[in-house]
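Data from upload17.csv: CSV, C-alpha atoms
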```csv
chain,number,residue,atom,x,y,z
A,1,MET,CA,13.3,-54.0,-20.4
A,2,ARG,CA,13.6,-57.7,-21.2
A,3,VAL,CA,10.7,-60.0,-21.9
A,4,LYS,CA,10.5,-62.6,-19.1
A,5,GLY,CA,10.3,-66.3,-19.9
A,6,LEU,CA,6.7,-67.4,-20.3
A,7,ASN,CA,7.2,-70.1,-17.6
A,8,LYS,CA,8.2,-67.4,-15.1
A,9,LEU,CA,5.0,-65.5,-15.5
A,10,SER,CA,1.8,-66.1,-13.4
A,11,GLU,CA,-0.9,-68.5,-14.6
A,12,PRO,CA,-3.1,-65.9,-16.4
A,13,PHE,CA,-0.3,-65.2,-18.8
A,14,GLN,CA,0.2,-68.8,-19.7
A,15,CYS,CA,-2.7,-69.3,-22.0
A,16,ASP,CA,-3.2,-69.6,-25.7
A,17,GLU,CA,-4.8,-66.2,-26.0
A,18,VAL,CA,-1.7,-64.4,-24.7
A,19,ARG,CA,1.0,-66.5,-26.3
A,20,PRO,CA,0.8,-64.9,-29.8
A,21,TYR,CA,1.4,-61.4,-28.3
A,22,TYR,CA,4.2,-62.8,-26.2
A,23,GLU,CA,6.0,-64.4,-29.1
A,24,GLN,CA,5.7,-61.2,-31.1
A,25,LEU,CA,7.2,-59.0,-28.3
A,26,LYS,CA,10.0,-61.5,-27.7
A,27,LYS,CA,11.3,-60.6,-31.2
A,28,LYS,CA,11.4,-56.9,-30.3
A,29,GLY,CA,14.1,-56.9,-27.6
A,30,ALA,CA,16.0,-54.0,-29.1
A,31,ALA,CA,12.9,-51.8,-29.3
A,32,LEU,CA,12.0,-52.6,-25.7
A,33,VAL,CA,15.5,-51.7,-24.5
A,34,LEU,CA,15.3,-48.4,-26.5
A,35,LYS,CA,11.9,-47.8,-25.1
A,36,ARG,CA,13.2,-47.9,-21.5
A,37,VAL,CA,16.3,-45.8,-22.3
A,38,PHE,CA,14.0,-43.2,-23.9
A,39,ASP,CA,11.8,-43.2,-20.8
A,40,ILE,CA,14.7,-42.6,-18.5
A,41,VAL,CA,16.4,-39.9,-20.6
A,42,VAL,CA,13.2,-38.0,-21.5
A,43,SER,CA,11.7,-38.2,-17.9
A,44,LEU,CA,15.0,-36.7,-16.5
A,45,ILE,CA,14.9,-33.9,-19.1
A,46,MET,CA,11.2,-33.2,-18.5
A,47,LEU,CA,11.7,-33.0,-14.7
A,48,VAL,CA,14.1,-30.1,-15.2
A,49,PHE,CA,11.3,-28.1,-17.0
A,50,LEU,CA,8.3,-29.5,-15.0
A,51,ILE,CA,9.6,-29.2,-11.5
A,52,LEU,CA,8.4,-25.5,-11.2
A,53,PRO,CA,5.0,-26.1,-12.8
A,54,ILE,CA,4.5,-29.2,-10.5
A,55,LEU,CA,5.3,-27.1,-7.5
A,56,VAL,CA,2.9,-24.3,-8.6
A,57,ILE,CA,0.1,-26.8,-9.2
A,58,ALA,CA,0.8,-28.5,-5.9
A,59,ILE,CA,0.4,-25.2,-4.1
A,60,ILE,CA,-2.9,-24.4,-5.9
A,61,VAL,CA,-4.4,-27.9,-5.2
A,62,LYS,CA,-3.4,-27.5,-1.5
A,63,CYS,CA,-4.9,-24.0,-1.2
A,64,THR,CA,-8.1,-24.6,-3.1
A,65,SER,CA,-9.4,-27.8,-1.4
A,66,LYS,CA,-9.0,-29.9,1.7
A,67,GLY,CA,-6.9,-33.0,1.4
A,68,HIS,CA,-3.5,-34.3,0.1
A,69,VAL,CA,-1.9,-32.8,-2.9
A,70,PHE,CA,-1.2,-36.1,-4.6
A,71,PHE,CA,-3.6,-39.0,-5.3
A,72,ARG,CA,-1.8,-42.3,-4.8
A,73,GLN,CA,-3.9,-45.2,-6.0
A,74,GLU,CA,-3.0,-48.8,-6.5
A,75,ARG,CA,-2.9,-49.8,-10.1
A,76,VAL,CA,-1.6,-52.8,-12.2
A,77,THR,CA,1.3,-52.7,-14.5
A,78,VAL,CA,3.7,-55.1,-16.4
A,79,TYR,CA,3.3,-58.8,-15.5
A,80,GLY,CA,0.5,-58.0,-13.1
A,81,LYS,CA,2.6,-56.1,-10.7
A,82,HIS,CA,0.9,-53.6,-8.4
A,83,PHE,CA,2.2,-50.1,-7.9
A,84,ARG,CA,1.1,-46.7,-6.6
A,85,ILE,CA,0.4,-44.1,-9.3
A,86,PHE,CA,1.2,-40.5,-8.8
A,87,LYS,CA,-1.5,-37.9,-9.8
A,88,PHE,CA,-2.5,-34.5,-8.6
A,89,ARG,CA,-5.7,-34.9,-6.5
A,90,THR,CA,-8.6,-33.6,-8.6
A,91,MET,CA,-11.4,-34.8,-6.4
A,92,VAL,CA,-12.6,-34.0,-2.9
A,93,GLU,CA,-11.0,-35.8,0.0
A,94,ASN,CA,-12.0,-39.5,0.4
A,95,ALA,CA,-13.7,-39.4,-3.0
A,96,GLU,CA,-13.3,-43.2,-3.5
A,97,SER,CA,-15.5,-43.9,-0.5
A,98,LEU,CA,-18.2,-41.6,-2.0
A,99,GLY,CA,-18.7,-43.3,-5.3
A,100,THR,CA,-17.3,-45.5,-8.1
A,101,GLN,CA,-13.6,-45.8,-9.2
A,102,VAL,CA,-14.4,-44.4,-12.6
A,103,THR,CA,-15.2,-40.7,-13.1
A,104,THR,CA,-18.1,-39.3,-15.1
A,105,ASP,CA,-18.3,-36.0,-16.9
A,106,SER,CA,-20.7,-34.5,-14.3
A,107,ASP,CA,-19.0,-36.1,-11.3
A,108,SER,CA,-19.7,-33.9,-8.3
A,109,ARG,CA,-16.6,-35.2,-6.5
A,110,VAL,CA,-14.3,-33.4,-8.9
A,111,THR,CA,-13.1,-30.0,-7.6
A,112,PRO,CA,-13.2,-26.8,-9.8
A,113,ILE,CA,-9.4,-26.8,-10.2
A,114,GLY,CA,-9.5,-30.5,-10.6
A,115,ARG,CA,-11.8,-30.2,-13.6
A,116,PHE,CA,-9.3,-27.9,-15.2
A,117,LEU,CA,-6.4,-30.1,-14.5
A,118,ARG,CA,-8.2,-33.2,-15.9
A,119,LYS,CA,-9.2,-31.3,-19.1
A,120,TYR,CA,-5.6,-30.6,-20.0
A,121,ARG,CA,-4.2,-33.8,-18.4
A,122,LEU,CA,-2.1,-31.7,-16.1
A,123,ASP,CA,-3.1,-33.9,-13.2
A,124,GLU,CA,-0.9,-36.6,-14.8
A,125,LEU,CA,2.3,-34.6,-14.7
A,126,PRO,CA,3.6,-36.3,-11.5
A,127,GLN,CA,3.5,-39.6,-13.4
A,128,VAL,CA,6.9,-38.7,-14.8
A,129,PHE,CA,8.2,-40.1,-11.4
A,130,ASN,CA,6.4,-43.4,-12.1
A,131,VAL,CA,8.1,-43.5,-15.6
A,132,LEU,CA,11.5,-42.7,-14.1
A,133,GLY,CA,11.0,-45.5,-11.5
A,134,GLY,CA,10.1,-48.0,-14.1
A,135,SER,CA,6.5,-48.8,-13.0
A,136,MET,CA,5.2,-46.9,-16.1
A,137,SER,CA,6.2,-45.8,-19.5
A,138,PHE,CA,5.3,-42.8,-21.5
A,139,VAL,CA,3.3,-45.0,-23.9
A,140,GLY,CA,1.3,-48.1,-23.0
A,141,THR,CA,-2.0,-49.4,-21.8
A,142,ARG,CA,-3.4,-47.1,-19.1
A,143,PRO,CA,-3.1,-48.8,-15.7
A,144,GLU,CA,-6.3,-50.2,-14.3
A,145,VAL,CA,-7.2,-50.6,-10.6
A,146,PRO,CA,-7.0,-54.3,-9.4
A,147,ARG,CA,-10.8,-54.7,-9.2
A,148,TYR,CA,-11.2,-54.1,-12.9
A,149,VAL,CA,-8.3,-56.4,-13.8
A,150,GLU,CA,-10.2,-59.1,-12.0
A,151,HIS,CA,-12.7,-58.8,-14.8
A,152,TYR,CA,-10.1,-59.3,-17.6
A,153,ARG,CA,-10.8,-61.8,-20.3
A,154,PRO,CA,-7.8,-64.1,-20.9
A,155,GLU,CA,-6.6,-62.1,-24.0
A,156,TYR,CA,-6.6,-58.9,-22.0
A,157,TYR,CA,-3.6,-60.1,-20.0
A,158,ALA,CA,-1.5,-59.6,-23.1
A,159,THR,CA,-1.7,-55.9,-22.5
A,160,LEU,CA,0.2,-56.5,-19.2
A,161,LEU,CA,3.3,-57.8,-21.1
A,162,LEU,CA,4.4,-54.2,-21.4
A,163,PRO,CA,4.6,-51.4,-18.7
A,164,ALA,CA,1.5,-49.3,-18.2
A,165,GLY,CA,1.6,-45.9,-19.9
A,166,ILE,CA,0.7,-42.3,-19.4
A,167,THR,CA,-0.9,-42.2,-22.8
A,168,SER,CA,-2.2,-44.9,-25.2
A,169,LEU,CA,-4.1,-45.4,-28.4
A,170,ALA,CA,-7.2,-46.2,-26.3
A,171,SER,CA,-6.9,-43.1,-24.2
A,172,ILE,CA,-6.8,-41.0,-27.3
A,173,MET,CA,-9.7,-42.8,-28.9
A,174,TYR,CA,-11.7,-42.7,-25.6
A,175,LYS,CA,-10.7,-39.1,-24.6
A,176,ASP,CA,-14.4,-38.5,-23.8
A,177,GLU,CA,-14.9,-41.6,-21.7
A,178,GLU,CA,-16.2,-39.5,-18.8
A,179,LYS,CA,-19.0,-38.2,-20.9
A,180,LEU,CA,-19.9,-41.7,-22.0
A,181,LEU,CA,-20.3,-42.7,-18.4
A,182,SER,CA,-22.2,-39.6,-17.2
A,183,SER,CA,-25.6,-41.0,-18.0
A,184,ALA,CA,-25.0,-44.5,-16.7
A,185,GLU,CA,-27.0,-45.5,-13.6
A,186,ASP,CA,-24.2,-48.0,-12.7
A,187,ALA,CA,-21.0,-46.5,-14.0
A,188,ASP,CA,-18.9,-49.5,-12.7
A,189,ARG,CA,-21.0,-52.0,-14.6
A,190,VAL,CA,-21.1,-50.0,-17.8
A,191,TYR,CA,-17.3,-49.5,-17.7
A,192,VAL,CA,-16.6,-53.2,-17.2
A,193,GLU,CA,-19.2,-54.5,-19.7
A,194,GLN,CA,-19.1,-51.9,-22.4
A,195,VAL,CA,-16.2,-49.4,-22.1
A,196,LEU,CA,-13.4,-51.7,-21.1
A,197,PRO,CA,-13.9,-54.2,-23.9
A,198,GLU,CA,-13.9,-51.4,-26.5
A,199,LYS,CA,-10.7,-49.9,-25.0
A,200,MET,CA,-9.1,-53.3,-25.0
A,201,LYS,CA,-9.4,-53.6,-28.7
A,202,TYR,CA,-7.1,-50.6,-29.1
A,203,ASN,CA,-4.8,-51.8,-26.2
A,204,LEU,CA,-4.4,-55.2,-27.8
A,205,GLU,CA,-3.8,-53.6,-31.2
A,206,TYR,CA,-1.0,-51.5,-29.6
A,207,THR,CA,0.6,-54.5,-27.9
A,208,LYS,CA,0.5,-56.6,-31.1
A,209,ASN,CA,2.0,-53.9,-33.3
A,210,PHE,CA,4.4,-52.3,-30.7
A,211,SER,CA,7.3,-50.4,-32.1
A,212,PHE,CA,9.6,-47.7,-30.7
A,213,PHE,CA,8.7,-45.3,-33.4
A,214,GLY,CA,5.0,-46.1,-33.0
A,215,ASP,CA,5.4,-44.9,-29.4
A,216,ILE,CA,6.9,-41.6,-30.7
A,217,LYS,CA,3.9,-41.1,-33.0
A,218,LEU,CA,1.4,-41.8,-30.2
A,219,MET,CA,3.2,-39.2,-28.0
A,220,LEU,CA,3.0,-36.6,-30.7
A,221,LYS,CA,-0.7,-37.4,-31.4
A,222,THR,CA,-1.4,-37.1,-27.6
A,223,ALA,CA,0.3,-33.7,-27.5
A,224,TRP,CA,-1.7,-32.5,-30.5
A,225,GLU,CA,-5.0,-33.7,-28.9
A,226,VAL,CA,-4.2,-31.8,-25.7
A,227,VAL,CA,-3.1,-28.6,-27.5
A,228,SER,CA,-6.2,-28.8,-29.8
A,229,LYS,CA,-8.4,-28.5,-26.8
```
Spell out the structure here as structure tokens.
Amino acid sequence: MRVKGLNKLSEPFQCDEVRPYYEQLKKKGAALVLKRVFDIVVSLIMLVFLILPILVIAIIVKCTSKGHVFFRQERVTVYGKHFRIFKFRTMVENAESLGTQVTTDSDSRVTPIGRFLRKYRLDELPQVFNVLGGSMSFVGTRPEVPRYVEHYRPEYYATLLLPAGITSLASIMYKDEEKLLSSAEDADRVYVEQVLPEKMKYNLEYTKNFSFFGDIKLMLKTAWEVVSK
């Protein structure tokens, strides 16, 4: 991908808090192109091996609970663009109308098979299609829903200078996020006021220090975290 001219971005990006991150990324054009090439090549290779597991999981999800196989939710990615994320449905049908948009460790909306899929991040396998399509990358800030982006502080918009990712430094450090929210009376408020700012420290650190080989390290670290479970 190429970094757009700052004057072509929307107003939230044209602030003093975002500018240092923008100038830093502008110097890393070759790494950004390599990142996109890597995403395309690896996602195509992964699809060859994942198509069968994806089909098997799809059948299991369909047979074990009522509702659609996939969960398609609107999220925000690079430059504030909205897209529909692909995930296996891990909750009961119409779960969003039954509670918050964040999930707690003891969330009753999560199905038994959904809890297993979430534990080993198997629910995120379909996101390889998002990566192939360009709305996501293998590594980058996890995409938030629009309602949480509305609460972004000016500096947080710097994290949207890169495509959203399947994994990130923040998602590794906050792998037990659901447990942190399980005891909250108002999970949405706690997420916005406490969890999101802490996650953004890691997301901003990643954006500031972005490198292609740094992405590779984060992918390997994520794989180790999943296997170690």
For this session: Find the spatial neighbours of A:Pro143, counting only C-alpha atoms, within a cut-off of 10 Å - ignore same-chain residues fewer than 2 positions away - and output them as a list in words.
Result: Glu74, Arg75, Val76, Thr77, Val78, His82, Phe83, Ile85, Ser135, Met136, Gly140, Thr141, Val145, Pro146, Val149, Thr159, Leu160, Pro163, Ala164, Gly165, Ile166 and Thr167 of chain A
For this session: Identify, on the basis of all atoms listed in the file, every residue whose closest approach to A:Ile113 does not exceed 9 Å; exclude the query and any residue fewer than 5 positions from it along the same chain; express the result as a PyMOL selection string.
Result: chain A and resi 60-61+64-65+90+118
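Residue nearest A:Gly29, chosen from A:Leu125, A:Val3, A:Leu204, A:Leu50 and counting all atoms listed in the file: A:Val3.
Atom to atom, atom CA of A:Phe116 and atom CA of A:Ser137 stand 24.1 Å apart.
Here atom CA of A:Ala58 is placed at a distance of 23.4 Å from atom CA of A:Thr222.
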Each residue of stretch 131-217 of chain A lying at most 10 Å from stretch 32-36 of chain A should get a row with its shortest atom-to-atom pair and the distance in Å to one decimal, counting all atoms listed in the file; could you produce that, ordered by chain and increasing number, as CSV?
```
residue,atom,partner,partner_atom,distance
A:Val131,CA,A:Arg36,CA,9.0
A:Leu132,CA,A:Arg36,CA,9.2
A:Gly134,CA,A:Arg36,CA,8.0
A:Met136,CA,A:Arg36,CA,9.7
A:Ser137,CA,A:Arg36,CA,7.6
A:Phe138,CA,A:Lys35,CA,9.0
A:Val139,CA,A:Lys35,CA,9.1
A:Leu162,CA,A:Leu32,CA,8.9
A:Pro163,CA,A:Arg36,CA,9.7
A:Phe210,CA,A:Leu32,CA,9.1
A:Ser211,CA,A:Leu32,CA,8.2
A:Phe212,CA,A:Lys35,CA,6.1
A:Phe213,CA,A:Lys35,CA,9.2
A:Asp215,CA,A:Lys35,CA,8.3
A:Ile216,CA,A:Lys35,CA,9.7
```
Problem set entry | Separation of atom CA of A:Ala158 from atom CA of A:Phe13 in Å | 7.2 Å
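Minimum atom-to-atom distances from A:Lys66, A:Phe49, A:Thr207, A:Met1 to A:Val37 were compared using all atoms listed in the file, and the lowest value belongs to A:Met1.
Using only C-alpha atoms, the residues found no farther than 10 Å from A:Ile57, other than those of its own chain fewer than 3 positions away, are Leu52, Pro53, Ile54, Ile60, Val61, Lys62, Cys63, Val69, Phe88, Ile113, Leu117, Leu122, Asp123 and Leu125 of chain A.
Considering the residues A:Tyr21, A:Gln194, A:Arg189, A:Asn203 and counting only C-alpha atoms, A:Arg147 has its shortest atom-to-atom contact with A:Arg189.
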Exercise. Which neighbours of A:Val192 fall inside 7 Å, counting all atoms listed in the file, when residues of the same chain fewer than 4 positions from it are skipped, and could you give them as number ranges by chain?
Worked result: A: 148, 188, 196
Problem set entry | Counting all atoms listed in the file, the residue of A:Val226, A:Leu55, A:Leu9, A:Val18 that sits nearest A:Arg121 | A:Val226
For this session: Can you work out which one of A:Leu220, A:Ile40, A:Cys15, A:Val56 has the shortest atom-to-atom distance to A:Tyr157, counting all atoms listed in the file?
Result: A:Cys15
